[in-house]
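Below is query.cif, which holds mmCIF, C-alpha atoms.
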```
data_start
loop_
_atom_site.label_atom_id
_atom_site.label_comp_id
_atom_site.auth_asym_id
_atom_site.auth_seq_id
_atom_site.Cartn_x
_atom_site.Cartn_y
_atom_site.Cartn_z
CA MET A 1 118.55 171.79 116.06
CA VAL A 2 114.80 171.53 115.62
CA THR A 3 112.85 171.37 118.84
CA GLY A 4 111.00 168.08 119.31
CA GLU A 5 112.63 166.35 116.35
CA CYS A 6 115.59 164.02 115.90
CA THR A 7 118.09 165.84 113.70
CA PHE A 8 121.71 165.51 112.64
CA GLU A 9 124.35 167.90 111.36
CA ILE A 10 126.69 167.39 108.38
CA LYS A 11 130.11 168.81 109.25
CA THR A 12 132.14 167.56 106.27
CA LEU A 13 130.97 166.77 102.72
CA ASN A 14 133.09 165.21 99.97
CA PRO A 15 130.97 165.25 96.79
CA GLU A 16 133.34 162.98 94.87
CA CYS A 17 132.71 159.27 95.53
CA THR A 18 135.75 156.99 95.09
CA CYS A 19 134.08 153.74 96.15
CA PRO A 20 133.77 151.08 93.37
CA LEU A 21 130.29 150.36 92.02
CA THR A 22 128.73 147.29 93.68
CA PHE A 23 125.38 145.56 93.52
CA GLN A 24 125.89 143.65 96.76
CA ASN A 25 124.31 144.71 100.05
CA GLY A 26 124.72 142.69 103.22
CA GLN A 27 121.54 144.19 104.69
CA VAL A 28 119.41 142.80 101.86
CA THR A 29 118.93 139.32 103.29
CA SER A 30 116.54 136.60 102.13
CA ALA A 31 114.24 137.49 105.05
CA TYR A 32 114.22 141.13 103.97
CA VAL A 33 113.40 140.21 100.36
CA ALA A 34 110.63 137.85 101.47
CA LYS A 35 108.95 140.53 103.59
CA ARG A 36 109.43 143.40 101.13
CA TYR A 37 108.04 141.48 98.15
CA LEU A 38 105.57 139.32 100.05
CA GLU A 39 102.62 140.53 97.99
CA ASP A 40 104.44 139.73 94.73
CA PHE A 41 105.32 136.24 95.96
CA GLY A 42 101.70 135.72 96.98
CA LYS A 43 100.36 136.72 93.55
CA ASN A 44 102.89 134.55 91.75
CA PRO A 45 103.62 131.35 93.75
CA ASN A 46 105.73 129.96 90.88
CA TRP A 47 107.78 133.12 90.41
CA ALA A 48 110.89 132.08 88.48
CA VAL A 49 114.36 132.61 89.97
CA SER A 50 115.37 134.82 87.05
CA GLY A 51 112.22 136.88 87.50
CA VAL A 52 112.91 137.49 91.19
CA LYS A 53 116.53 138.47 90.50
CA HIS A 54 115.53 140.88 87.74
CA HIS A 55 112.73 142.44 89.80
CA VAL A 56 114.95 143.07 92.84
CA MET A 57 117.72 144.45 90.62
CA GLN A 58 115.30 146.86 88.96
CA GLN A 59 113.75 147.94 92.25
CA ILE A 60 116.72 148.37 94.62
CA SER A 61 119.81 147.68 92.46
CA VAL A 62 120.87 144.58 94.39
CA ASP A 63 122.06 141.45 92.60
CA LEU A 64 120.81 138.45 94.58
CA SER A 65 122.57 135.10 94.39
CA ILE A 66 120.63 132.01 93.28
CA SER A 67 120.68 130.61 96.81
CA GLN A 68 119.34 133.92 98.18
CA VAL A 69 116.41 133.76 95.78
CA TYR A 70 115.56 130.19 96.79
CA ARG A 71 115.76 131.10 100.48
CA SER A 72 113.61 134.18 99.85
CA ARG A 73 110.93 132.15 98.09
CA LYS A 74 110.93 129.58 100.90
CA ALA A 75 110.69 132.31 103.55
CA ALA A 76 107.85 134.04 101.66
CA ARG A 77 105.97 130.77 101.30
CA GLY A 78 106.29 130.23 105.04
CA LEU A 79 104.94 133.71 105.76
CA ILE A 80 102.01 133.16 103.40
CA THR A 81 100.98 129.63 104.38
CA GLY A 82 102.25 129.62 107.95
CA ASN A 83 104.13 126.87 109.72
CA GLU A 84 102.63 123.65 108.34
CA GLU A 85 103.99 121.51 111.17
CA ALA A 86 102.40 123.83 113.71
CA GLN A 87 99.10 123.74 111.79
CA TYR A 88 98.98 119.94 111.98
CA GLY A 89 99.65 120.27 115.69
CA LEU A 90 96.44 122.29 116.05
CA LEU A 91 94.21 119.54 114.67
CA ARG A 92 93.58 117.95 118.08
CA ASP A 93 92.54 121.34 119.46
CA TYR A 94 90.26 121.78 116.44
CA ALA A 95 88.64 118.39 117.00
CA GLU A 96 88.08 119.17 120.68
CA MET A 97 86.57 122.55 119.78
CA ILE A 98 84.06 120.84 117.45
CA ARG A 99 83.00 118.45 120.23
CA ARG A 100 82.64 121.29 122.70
CA ILE A 101 80.80 123.78 120.51
CA ASP A 102 78.69 121.43 118.41
CA VAL A 103 77.57 119.08 121.17
CA GLY A 104 76.83 115.60 119.86
CA SER A 105 79.24 115.78 116.95
CA LYS A 106 81.50 112.81 116.38
CA VAL A 107 85.10 113.57 115.44
CA ILE A 108 87.68 110.91 114.59
CA LEU A 109 91.30 111.94 114.20
CA GLN A 110 93.53 109.17 112.86
CA THR A 111 97.31 109.16 113.14
CA GLU A 112 99.96 106.56 112.40
CA MET A 113 103.40 105.80 113.82
CA LYS A 114 106.23 103.97 112.05
CA ASN A 115 107.44 102.68 115.40
CA GLU A 116 106.72 103.21 119.09
CA ASN A 117 109.40 105.92 119.36
CA ALA A 118 108.28 107.92 116.31
CA GLU A 119 106.18 111.07 116.38
CA PRO A 120 102.52 110.53 115.38
CA LYS A 121 101.84 111.34 111.73
CA PHE A 122 98.45 112.73 110.67
CA LYS A 123 96.51 110.39 108.38
CA ARG A 124 92.89 111.51 108.18
CA MET A 125 90.11 113.25 110.07
CA TYR A 126 86.36 112.66 109.99
CA SER A 127 83.83 115.03 111.42
CA ARG A 128 80.77 113.75 109.57
CA PRO A 129 81.59 110.19 108.50
CA PHE A 130 78.53 109.65 106.33
CA VAL A 131 77.26 110.42 102.84
CA GLY A 132 73.59 110.33 101.92
CA LEU A 133 72.58 108.36 98.81
CA ASP A 134 69.20 108.77 97.18
CA GLY A 135 67.41 108.58 93.87
CA CYS A 136 64.19 109.84 92.35
CA HIS A 137 62.27 109.39 89.09
CA LEU A 138 62.33 112.29 86.65
CA LYS A 139 58.79 112.88 85.41
CA GLY A 140 59.70 115.34 82.66
CA ARG A 141 60.00 114.85 78.93
CA PHE A 142 63.20 112.80 79.01
CA GLY A 143 62.44 110.58 82.03
CA GLY A 144 65.17 108.56 83.72
CA GLN A 145 66.33 108.54 87.30
CA LEU A 146 68.36 111.09 89.24
CA LEU A 147 70.93 109.56 91.60
CA SER A 148 72.67 111.75 94.15
CA ALA A 149 75.29 111.50 96.86
CA THR A 150 75.18 114.37 99.35
CA ALA A 151 76.90 115.39 102.56
CA LYS A 152 77.12 118.46 104.79
CA ASP A 153 79.96 120.95 104.71
CA GLY A 154 81.52 122.83 107.62
CA ASN A 155 78.71 125.42 107.55
CA ASP A 156 76.06 122.69 107.85
CA ASN A 157 74.94 123.32 104.26
CA ILE A 158 74.14 120.58 101.76
CA PHE A 159 77.18 119.62 99.71
CA PRO A 160 76.57 117.59 96.49
CA VAL A 161 79.29 114.95 96.25
CA ALA A 162 78.01 113.47 92.97
CA ILE A 163 74.89 113.41 90.80
CA ALA A 164 73.93 111.30 87.80
CA VAL A 165 70.93 110.81 85.53
CA ILE A 166 70.47 107.20 84.40
CA GLU A 167 68.05 105.21 82.29
CA PRO A 168 65.31 103.40 84.24
CA LYS A 169 66.35 100.04 85.71
CA GLU A 170 69.89 100.30 84.34
CA LEU A 171 73.04 101.86 85.68
CA ASN A 172 74.34 102.66 82.21
CA MET A 173 77.63 104.25 83.23
CA VAL A 174 81.31 103.90 82.38
CA PHE A 175 84.12 104.45 84.90
CA ILE A 176 87.78 105.08 84.10
CA SER A 177 90.50 104.69 86.71
CA ASP A 178 94.20 104.01 87.16
CA ARG A 179 93.84 100.36 88.26
CA GLN A 180 94.49 100.96 91.95
CA LYS A 181 94.54 97.65 93.78
CA GLY A 182 91.91 98.59 96.32
CA LEU A 183 89.66 100.16 93.69
CA LEU A 184 89.26 97.12 91.43
CA PRO A 185 87.47 94.78 93.91
CA THR A 186 85.43 97.72 95.19
CA MET A 187 84.14 98.46 91.69
CA LYS A 188 83.19 94.83 91.17
CA THR A 189 81.31 94.77 94.47
CA LEU A 190 79.49 98.11 94.29
CA PHE A 191 79.01 98.45 90.53
CA PRO A 192 78.95 94.94 89.04
CA THR A 193 77.03 96.00 85.92
CA VAL A 194 78.98 99.08 84.89
CA GLU A 195 81.80 99.17 82.36
CA HIS A 196 85.23 99.81 83.89
CA ARG A 197 87.99 101.19 81.66
CA TYR A 198 91.65 101.71 82.54
CA CYS A 199 93.75 104.84 82.06
CA VAL A 200 96.19 104.04 79.23
CA LYS A 201 98.75 106.47 80.62
CA HIS A 202 98.93 104.46 83.86
CA ILE A 203 99.10 101.22 81.87
CA TYR A 204 102.04 102.62 79.93
CA ASN A 205 103.76 103.91 83.10
CA ASN A 206 103.77 100.34 84.45
CA PHE A 207 104.54 98.86 81.03
CA LYS A 208 107.69 100.94 80.49
CA VAL A 209 109.30 99.78 83.74
CA ASN A 210 110.34 96.54 82.03
CA HIS A 211 109.63 97.34 78.38
CA LYS A 212 111.41 100.51 77.33
CA GLY A 213 111.81 102.15 73.94
CA MET A 214 109.96 104.60 71.73
CA GLU A 215 108.88 101.89 69.26
CA LEU A 216 107.16 99.85 71.98
CA LYS A 217 105.50 103.01 73.29
CA SER A 218 104.27 103.92 69.82
CA VAL A 219 102.78 100.46 69.23
CA LEU A 220 101.01 100.50 72.61
CA TRP A 221 99.34 103.84 71.98
CA ARG A 222 98.46 102.85 68.41
CA CYS A 223 96.72 99.73 69.72
CA ALA A 224 94.87 101.80 72.33
CA SER A 225 93.73 104.50 69.88
CA THR A 226 92.52 102.44 66.95
CA THR A 227 88.78 101.88 66.51
CA SER A 228 89.28 98.84 64.28
CA VAL A 229 89.48 95.37 65.81
CA ARG A 230 91.58 94.19 62.85
CA GLU A 231 94.06 97.06 63.29
CA PHE A 232 94.24 96.32 67.00
CA GLU A 233 95.07 92.66 66.31
CA ARG A 234 97.72 93.67 63.77
CA GLY A 235 99.25 96.04 66.28
CA MET A 236 99.38 93.35 68.94
CA GLU A 237 101.03 90.92 66.50
CA HIS A 238 103.59 93.60 65.67
CA LEU A 239 104.23 94.08 69.39
CA LYS A 240 104.66 90.33 69.83
CA SER A 241 107.31 90.29 67.09
CA LEU A 242 109.18 93.12 68.83
CA ASP A 243 109.00 91.89 72.42
CA GLU A 244 106.96 88.85 73.43
CA GLU A 245 107.08 89.72 77.14
CA ALA A 246 105.67 93.17 76.38
CA TRP A 247 102.92 91.51 74.33
CA LYS A 248 102.09 89.16 77.22
CA TYR A 249 101.79 92.11 79.60
CA LEU A 250 99.15 93.82 77.44
CA ALA A 251 97.44 90.57 76.45
CA ASP A 252 96.67 89.94 80.13
CA ILE A 253 94.53 93.10 80.20
CA LYS A 254 91.07 92.75 78.65
CA PRO A 255 90.92 94.82 75.43
CA ALA A 256 87.51 96.21 76.43
CA GLN A 257 89.23 98.00 79.29
CA TRP A 258 91.91 99.90 77.39
CA THR A 259 91.45 100.02 73.59
CA ARG A 260 88.82 101.97 71.65
CA SER A 261 88.43 99.06 69.24
CA HIS A 262 86.67 97.04 71.95
CA PHE A 263 84.82 99.77 73.86
CA SER A 264 81.06 99.36 74.18
CA PRO A 265 78.71 102.05 72.81
CA ARG A 266 77.82 103.11 76.36
CA ALA A 267 80.29 106.00 76.21
CA LEU A 268 81.58 106.88 72.74
CA THR A 269 84.59 109.01 73.61
CA VAL A 270 88.20 109.43 72.53
CA CYS A 271 89.23 109.77 76.17
CA LEU A 272 91.85 107.15 77.06
CA VAL A 273 93.37 108.77 80.14
CA ASN A 274 92.14 109.76 83.59
CA ASN A 275 93.27 113.40 83.36
CA LEU A 276 89.95 114.68 84.69
CA SER A 277 90.38 113.01 88.07
CA GLU A 278 94.13 113.66 88.15
CA SER A 279 93.53 117.39 87.59
CA TYR A 280 90.93 117.46 90.38
CA ASP A 281 93.36 115.74 92.77
CA TYR A 282 96.14 118.19 91.86
CA GLU A 283 94.03 121.27 92.51
CA GLY A 284 92.73 119.80 95.75
#
```
Represent the supplied structure as structure tokens.
Amino acid sequence: MVTGECTFEIKTLNPECTCPLTFQNGQVTSAYVAKRYLEDFGKNPNWAVSGVKHHVMQQISVDLSISQVYRSRKAARGLITGNEEAQYGLLRDYAEMIRRIDVGSKVILQTEMKNENAEPKFKRMYSRPFVGLDGCHLKGRFGGQLLSATAKDGNDNIFPVAIAVIEPKELNMVFISDRQKGLLPTMKTLFPTVEHRYCVKHIYNNFKVNHKGMELKSVLWRCASTTSVREFERGMEHLKSLDEEAWKYLADIKPAQWTRSHFSPRALTVCLVNNLSESYDYEG
């Protein structure tokens, strides 16, 4: 016995182990794995199942099942990001705190309900529902006009939403989008003089719903990529011979909005897809 310490005494020792070798351990649960390797899960959010199994096996000689790995990843994600449902539940408290601390602020929290018995579902929240638009003449060597859209962030600092330099008296810009229904009339109203192109990938995604096949896909992209009007017309005739309904679908879309052969010289680019905006949305 050691005074002041918790000790134990070994009375019998059998140095020869007769138990079979096993890599299973009931105490190594998914919750245990999530907590023990929380830092690793945080550094690698897309940690592969095989990678987790191998790492745990190397570290503590325990062979996790596939379901254990999935439960561990889910538990770790919950520990890292917190309870998302509970976080949404705090939004009303957050809105009230803004009104109380920053007196005069206007906060709008919108929710929607599928029916009168359903729980409210968060839709959007506005704390500063305005964006400032302005423009100024550039008096330097290259001239032009600087257009800007600015707002304020949560720290009350200026946040640049968008900036553009244009030629005097002309909004010489080209937009590309995925043909969203609400976006098309908005573009016509707000930017009647700009060129509006369509993302060919989104055109094809809608096209292939009723017109499947690799040959039709190949013809569509060949028509979109060519810079020759004659080659474009030949491609469309070829498409018509393959599937007249598929030809009608593309013929209803103005060529200037989806094929390089009819693009204006405003923006000479090989870009036919809206990957830039899609990537921004994904990261956001």
**Report entry** Spatial neighbours of Leu91 (chain A), 10 Å, all atoms listed in the file, chain gap at least 5 places, as number ranges by chain
**Finding:** A: 86, 96-97, 109, 122, 125
Can you spit out the residues from that selection as a JSON list (two decimals), keeping the file's coordinate frame, using C-alpha atoms?
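What landed in again_11.json:
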```json
[["chain", "number", "residue", "atom", "x", "y", "z"],
["A", 86, "ALA", "CA", 102.40, 123.83, 113.71],
["A", 96, "GLU", "CA", 88.08, 119.17, 120.68],
["A", 97, "MET", "CA", 86.57, 122.55, 119.78],
["A", 109, "LEU", "CA", 91.30, 111.94, 114.20],
["A", 122, "PHE", "CA", 98.45, 112.73, 110.67],
["A", 125, "MET", "CA", 90.11, 113.25, 110.07]]
```
Query raised in the report: Residues at most 9 Å from Lys121 (chain A), counting only C-alpha atoms, excluding those fewer than 2 positions away in the same chain, as a list in words?
Result: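 These residues fall inside the cut-off: Gln110, Thr111, Glu112, Met113, Lys114, Ala118, Glu119 and Lys123 of chain A.
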Report summary line: CA of Leu250 (chain A) sits from CA of His238 (chain A) at a separation of 12.6 Å
Query raised in the report: Written as a ChimeraX atom specification, which residues does the PyMOL selection byres ((chain A and resi 35-47) around 12) give for the file shown?
Result: /A:28-34,48-56,59-60,69-70,72-81
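One distance worth recording is that between CA of His211 (chain A) and CA of His196 (chain A), which is 25.1 Å.
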Report task. Check the smallest atom-to-atom distance from each of A:Ile66, A:Ile176, A:Leu90, A:Glu116 to Val194 (chain A) using all atoms listed in the file, then report the winner. Result ->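 Smallest separation from Val194 (chain A) among the options: A:Ile176.
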**Report entry** Which of A:Val174, A:Ile203, A:Met214, A:Leu21 sits closest to Met187 (chain A) [using all atoms listed in the file]
**Finding:** A:Val174
Query raised in the report: Could you work out how far CA of Ala251 (chain A) lies from CA of Pro192 (chain A), giving the answer in Å with one decimal?
Result: 22.8 Å
Query - Expected selection from the PyMOL selection byres ((chain A and resi 197) around 7), given as number ranges by chain - result: A: 175-177, 195-196, 198-199, 257-258
